[in-house]
$ cat work.cif   # mmCIF, N, CA, C and O atoms
data_structure
#
loop_
_atom_site.label_atom_id
_atom_site.label_comp_id
_atom_site.auth_asym_id
_atom_site.auth_seq_id
_atom_site.Cartn_x
_atom_site.Cartn_y
_atom_site.Cartn_z
N CYS E 29 -22.85 -0.16 38.39
CA CYS E 29 -22.18 0.22 37.17
C CYS E 29 -22.30 -0.95 36.19
O CYS E 29 -22.16 -2.11 36.57
N CYS E 30 -22.52 -0.66 34.94
CA CYS E 30 -22.70 -1.68 33.92
C CYS E 30 -22.18 -1.15 32.59
O CYS E 30 -22.35 0.01 32.26
N ILE E 31 -21.55 -2.01 31.82
CA ILE E 31 -21.07 -1.66 30.48
C ILE E 31 -21.89 -2.48 29.50
O ILE E 31 -22.03 -3.69 29.64
N VAL E 32 -22.46 -1.81 28.48
CA VAL E 32 -23.30 -2.47 27.50
C VAL E 32 -22.78 -2.13 26.11
O VAL E 32 -22.48 -0.98 25.82
N GLU E 33 -22.69 -3.14 25.26
CA GLU E 33 -22.36 -2.92 23.85
C GLU E 33 -23.55 -3.38 23.03
O GLU E 33 -24.06 -4.48 23.24
N LEU E 34 -24.00 -2.55 22.11
CA LEU E 34 -25.18 -2.86 21.32
C LEU E 34 -24.87 -2.65 19.86
O LEU E 34 -24.40 -1.58 19.47
N CYS E 35 -25.12 -3.65 19.05
CA CYS E 35 -24.93 -3.56 17.60
C CYS E 35 -26.30 -3.77 16.97
O CYS E 35 -26.81 -4.89 16.96
N ALA E 36 -26.91 -2.71 16.48
CA ALA E 36 -28.25 -2.80 15.91
C ALA E 36 -28.52 -1.61 15.01
O ALA E 36 -27.70 -0.70 14.89
N LYS E 37 -29.69 -1.60 14.40
CA LYS E 37 -30.11 -0.47 13.58
C LYS E 37 -30.30 0.75 14.46
O LYS E 37 -30.53 0.64 15.67
N SER E 38 -30.23 1.93 13.87
CA SER E 38 -30.34 3.19 14.61
C SER E 38 -31.61 3.27 15.43
O SER E 38 -31.60 3.75 16.57
N GLU E 39 -32.73 2.80 14.89
CA GLU E 39 -34.00 2.86 15.60
C GLU E 39 -33.95 2.05 16.89
O GLU E 39 -34.45 2.47 17.93
N ARG E 40 -33.33 0.89 16.84
CA ARG E 40 -33.23 0.05 18.04
C ARG E 40 -32.27 0.65 19.06
O ARG E 40 -32.51 0.55 20.26
N VAL E 41 -31.19 1.24 18.60
CA VAL E 41 -30.26 1.89 19.51
C VAL E 41 -30.96 3.06 20.21
O VAL E 41 -30.84 3.24 21.42
N ASP E 42 -31.71 3.85 19.44
CA ASP E 42 -32.47 4.97 20.02
C ASP E 42 -33.46 4.47 21.06
O ASP E 42 -33.59 5.05 22.15
N ALA E 43 -34.17 3.37 20.75
CA ALA E 43 -35.14 2.82 21.70
C ALA E 43 -34.45 2.34 22.97
O ALA E 43 -34.94 2.57 24.08
N PHE E 44 -33.30 1.68 22.83
CA PHE E 44 -32.57 1.22 24.01
C PHE E 44 -32.11 2.39 24.88
O PHE E 44 -32.21 2.34 26.10
N MET E 45 -31.61 3.43 24.24
CA MET E 45 -31.15 4.61 24.99
C MET E 45 -32.32 5.24 25.76
O MET E 45 -32.15 5.68 26.90
N LYS E 46 -33.50 5.26 25.15
CA LYS E 46 -34.67 5.83 25.82
C LYS E 46 -35.07 4.97 27.02
O LYS E 46 -35.40 5.49 28.08
N ILE E 47 -35.02 3.64 26.86
CA ILE E 47 -35.36 2.74 27.96
C ILE E 47 -34.34 2.83 29.08
O ILE E 47 -34.68 2.79 30.27
N ALA E 48 -33.06 2.96 28.75
CA ALA E 48 -31.99 2.98 29.76
C ALA E 48 -31.82 4.34 30.43
O ALA E 48 -31.18 4.43 31.48
N ALA E 49 -32.38 5.40 29.86
CA ALA E 49 -32.19 6.75 30.39
C ALA E 49 -32.56 6.90 31.87
O ALA E 49 -31.83 7.54 32.63
N PRO E 50 -33.66 6.32 32.36
CA PRO E 50 -34.01 6.47 33.78
C PRO E 50 -32.96 5.88 34.74
O PRO E 50 -32.89 6.28 35.89
N PHE E 51 -32.15 4.95 34.26
CA PHE E 51 -31.13 4.34 35.11
C PHE E 51 -29.86 5.18 35.17
O PHE E 51 -28.97 4.92 35.98
N GLY E 52 -29.76 6.18 34.31
CA GLY E 52 -28.59 7.07 34.30
C GLY E 52 -27.51 6.54 33.37
O GLY E 52 -26.94 5.50 33.62
N ILE E 53 -27.29 7.24 32.29
CA ILE E 53 -26.24 6.86 31.32
C ILE E 53 -25.07 7.80 31.55
O ILE E 53 -25.19 9.02 31.41
N LEU E 54 -23.93 7.25 31.94
CA LEU E 54 -22.75 8.06 32.20
C LEU E 54 -22.02 8.44 30.92
O LEU E 54 -21.47 9.53 30.80
N GLU E 55 -22.00 7.52 29.95
CA GLU E 55 -21.28 7.77 28.71
C GLU E 55 -21.89 6.93 27.61
O GLU E 55 -22.29 5.78 27.84
N ALA E 56 -21.98 7.47 26.41
CA ALA E 56 -22.48 6.74 25.26
C ALA E 56 -21.66 7.14 24.04
O ALA E 56 -21.32 8.30 23.87
N ALA E 57 -21.33 6.16 23.21
CA ALA E 57 -20.58 6.42 21.97
C ALA E 57 -21.26 5.65 20.85
O ALA E 57 -21.59 4.48 21.01
N ARG E 58 -21.47 6.34 19.75
CA ARG E 58 -22.08 5.70 18.58
C ARG E 58 -21.16 5.90 17.40
O ARG E 58 -20.69 6.99 17.14
N SER E 59 -20.92 4.81 16.65
CA SER E 59 -19.96 4.88 15.55
C SER E 59 -20.63 5.09 14.20
O SER E 59 -19.98 5.42 13.23
N GLY E 60 -21.91 4.88 14.09
CA GLY E 60 -22.57 5.00 12.79
C GLY E 60 -22.41 3.74 11.98
O GLY E 60 -21.93 2.71 12.46
N ARG E 61 -22.80 3.79 10.75
CA ARG E 61 -22.73 2.61 9.89
C ARG E 61 -21.28 2.31 9.52
O ARG E 61 -20.50 3.21 9.23
N MET E 62 -20.97 1.03 9.54
CA MET E 62 -19.62 0.59 9.18
C MET E 62 -19.73 -0.65 8.32
O MET E 62 -20.67 -1.43 8.45
N ALA E 63 -18.77 -0.84 7.47
CA ALA E 63 -18.71 -2.05 6.65
C ALA E 63 -17.25 -2.45 6.53
O ALA E 63 -16.38 -1.62 6.37
N MET E 64 -17.02 -3.73 6.61
CA MET E 64 -15.65 -4.23 6.49
C MET E 64 -15.63 -5.30 5.40
O MET E 64 -16.42 -6.23 5.41
N SER E 65 -14.72 -5.15 4.48
CA SER E 65 -14.56 -6.11 3.41
C SER E 65 -13.82 -7.34 3.91
O SER E 65 -12.97 -7.25 4.79
N ARG E 66 -14.14 -8.48 3.35
CA ARG E 66 -13.44 -9.70 3.73
C ARG E 66 -12.17 -9.89 2.90
O ARG E 66 -11.45 -10.84 3.09
N THR E 67 -11.90 -9.00 1.96
CA THR E 67 -10.72 -9.12 1.11
C THR E 67 -9.75 -7.98 1.42
O THR E 67 -10.10 -7.03 2.10
N ALA E 68 -8.57 -8.08 0.89
CA ALA E 68 -7.54 -7.07 1.13
C ALA E 68 -7.57 -5.97 0.08
O ALA E 68 -6.67 -5.15 0.02
N LYS E 69 -8.59 -5.93 -0.77
CA LYS E 69 -8.67 -4.91 -1.80
C LYS E 69 -8.87 -3.54 -1.16
O LYS E 69 -9.78 -3.34 -0.37
N LEU E 70 -8.02 -2.58 -1.48
CA LEU E 70 -8.04 -1.28 -0.84
C LEU E 70 -8.96 -0.29 -1.54
O LEU E 70 -9.49 0.61 -0.92
N SER E 71 -9.14 -0.43 -2.82
CA SER E 71 -9.92 0.55 -3.56
C SER E 71 -10.61 -0.14 -4.74
O SER E 71 -10.08 -1.08 -5.32
N LEU E 72 -11.78 0.36 -5.11
CA LEU E 72 -12.46 -0.20 -6.27
C LEU E 72 -11.75 0.14 -7.56
O LEU E 72 -11.89 -0.54 -8.56
N TYR E 73 -10.98 1.23 -7.54
CA TYR E 73 -10.33 1.72 -8.75
C TYR E 73 -8.86 1.31 -8.84
O TYR E 73 -8.18 1.65 -9.78
N GLU E 74 -8.39 0.59 -7.86
CA GLU E 74 -6.98 0.21 -7.82
C GLU E 74 -6.74 -1.06 -8.63
O GLU E 74 -7.54 -1.99 -8.58
N GLU E 75 -5.66 -1.09 -9.38
CA GLU E 75 -5.29 -2.27 -10.14
C GLU E 75 -4.88 -3.37 -9.17
O GLU E 75 -4.28 -3.12 -8.14
N ALA E 76 -5.19 -4.59 -9.52
CA ALA E 76 -4.79 -5.73 -8.70
C ALA E 76 -3.27 -5.89 -8.81
O ALA E 76 -2.70 -5.79 -9.89
N PRO E 77 -2.57 -6.16 -7.69
CA PRO E 77 -1.12 -6.34 -7.74
C PRO E 77 -0.76 -7.63 -8.47
O PRO E 77 -1.55 -8.56 -8.54
N ALA E 78 0.45 -7.65 -9.00
CA ALA E 78 0.94 -8.84 -9.70
C ALA E 78 1.03 -9.99 -8.71
O ALA E 78 1.34 -9.81 -7.54
N GLU E 79 0.72 -11.18 -9.18
CA GLU E 79 0.77 -12.37 -8.33
C GLU E 79 2.21 -12.66 -7.92
O GLU E 79 3.13 -12.58 -8.73
N GLU E 80 2.38 -12.99 -6.64
CA GLU E 80 3.70 -13.37 -6.15
C GLU E 80 3.86 -14.88 -6.29
O GLU E 80 2.88 -15.62 -6.25
N SER E 81 5.08 -15.32 -6.46
CA SER E 81 5.31 -16.75 -6.53
C SER E 81 5.18 -17.34 -5.12
O SER E 81 5.27 -16.64 -4.12
N GLU E 82 4.96 -18.64 -5.03
CA GLU E 82 4.79 -19.30 -3.74
C GLU E 82 6.03 -19.15 -2.86
O GLU E 82 5.94 -19.06 -1.65
N ALA E 83 7.21 -19.08 -3.46
CA ALA E 83 8.45 -18.96 -2.69
C ALA E 83 8.55 -17.58 -2.03
O ALA E 83 9.10 -17.45 -0.93
N ASP E 84 7.99 -16.55 -2.66
CA ASP E 84 8.06 -15.18 -2.11
C ASP E 84 7.09 -14.96 -0.95
O ASP E 84 7.29 -14.07 -0.13
N LYS E 85 6.04 -15.73 -0.87
CA LYS E 85 5.00 -15.52 0.13
C LYS E 85 5.41 -15.96 1.53
O LYS E 85 4.87 -15.48 2.51
N GLY E 86 6.30 -16.90 1.66
CA GLY E 86 6.69 -17.40 2.96
C GLY E 86 5.74 -18.49 3.42
O GLY E 86 4.91 -18.98 2.66
N PRO E 87 5.79 -18.84 4.72
CA PRO E 87 4.94 -19.92 5.21
C PRO E 87 3.46 -19.48 5.23
O PRO E 87 3.14 -18.32 5.37
N ALA E 88 2.59 -20.46 5.07
CA ALA E 88 1.14 -20.18 5.09
C ALA E 88 0.72 -19.76 6.49
O ALA E 88 1.23 -20.28 7.48
N PRO E 89 -0.20 -18.79 6.61
CA PRO E 89 -0.65 -18.36 7.92
C PRO E 89 -1.49 -19.44 8.60
O PRO E 89 -2.12 -20.26 7.94
N ASP E 90 -1.52 -19.43 9.92
CA ASP E 90 -2.32 -20.37 10.70
C ASP E 90 -3.76 -19.86 10.74
O ASP E 90 -4.05 -18.84 11.35
N LEU E 91 -4.66 -20.56 10.07
CA LEU E 91 -6.05 -20.13 9.97
C LEU E 91 -6.93 -20.75 11.06
O LEU E 91 -8.14 -20.53 11.10
N SER E 92 -6.36 -21.52 11.97
CA SER E 92 -7.16 -22.20 12.97
C SER E 92 -7.80 -21.24 13.99
O SER E 92 -8.76 -21.60 14.65
N ASN E 93 -7.28 -20.02 14.11
CA ASN E 93 -7.83 -19.07 15.07
C ASN E 93 -8.94 -18.19 14.48
O ASN E 93 -9.56 -17.43 15.21
N LEU E 94 -9.21 -18.31 13.19
CA LEU E 94 -10.23 -17.52 12.55
C LEU E 94 -11.61 -18.13 12.77
O LEU E 94 -11.74 -19.34 12.90
N PRO E 95 -12.65 -17.29 12.83
CA PRO E 95 -14.00 -17.84 12.98
C PRO E 95 -14.44 -18.54 11.70
O PRO E 95 -13.93 -18.22 10.63
N PRO E 96 -15.37 -19.47 11.79
CA PRO E 96 -15.84 -20.14 10.58
C PRO E 96 -16.58 -19.17 9.69
O PRO E 96 -17.19 -18.21 10.16
N SER E 97 -16.52 -19.38 8.39
CA SER E 97 -17.22 -18.48 7.46
C SER E 97 -18.37 -19.17 6.79
O SER E 97 -18.59 -20.31 6.87
#
$ encode --input "work.cif" --output "structure tokens"
Amino acid sequence: CCIVELCAKSERVDAFMKIAAPFGILEAARSGRMAMSRTAKLSLYEEAPAEESEADKGPAPDLSNLPPS
């Protein structure tokens, strides 16, 4: 038994599935194209919220656990 996660273009995923088929694939899930924004903006048409004062924001979050950008 083996679990494989593959993040690639559709053509490469199709090729991998074809190569792995003789070994027996018990389950496969494909999510399709996805994109994640690095900002908290929810909509292109949404107005930006009013800036909060530093006192309202609370303590700064700990960024040491985030990956480098």
$ resolve_selection --input "work.cif" --expression "the PyMOL selection byres ((chain E and resi 32) around 8)" --output "list in words"
Cys29, Cys30, Ile31, Glu33, Leu34, Cys35, Glu55, Ala56 and Ala57 of chain E
$ atom_distance --input "work.cif" --atom1 "atom O of Pro96 in chain E" --atom2 "atom O of Arg61 in chain E"
21.7 Å
$ atom_distance --input "work.cif" --atom1 "atom N of Pro95 in chain E" --atom2 "CA of Phe44 in chain E"
29.4 Å
$ atom_distance --input "work.cif" --atom1 "atom O of Asn93 in chain E" --atom2 "CA of Ala36 in chain E"
23.7 Å
$ closest_residue --input "work.cif" --among "E:Gly86, E:Ser59, E:Ser92, E:Leu54" --to "Val41 in chain E" --atoms "only C-alpha atoms"
E:Ser59
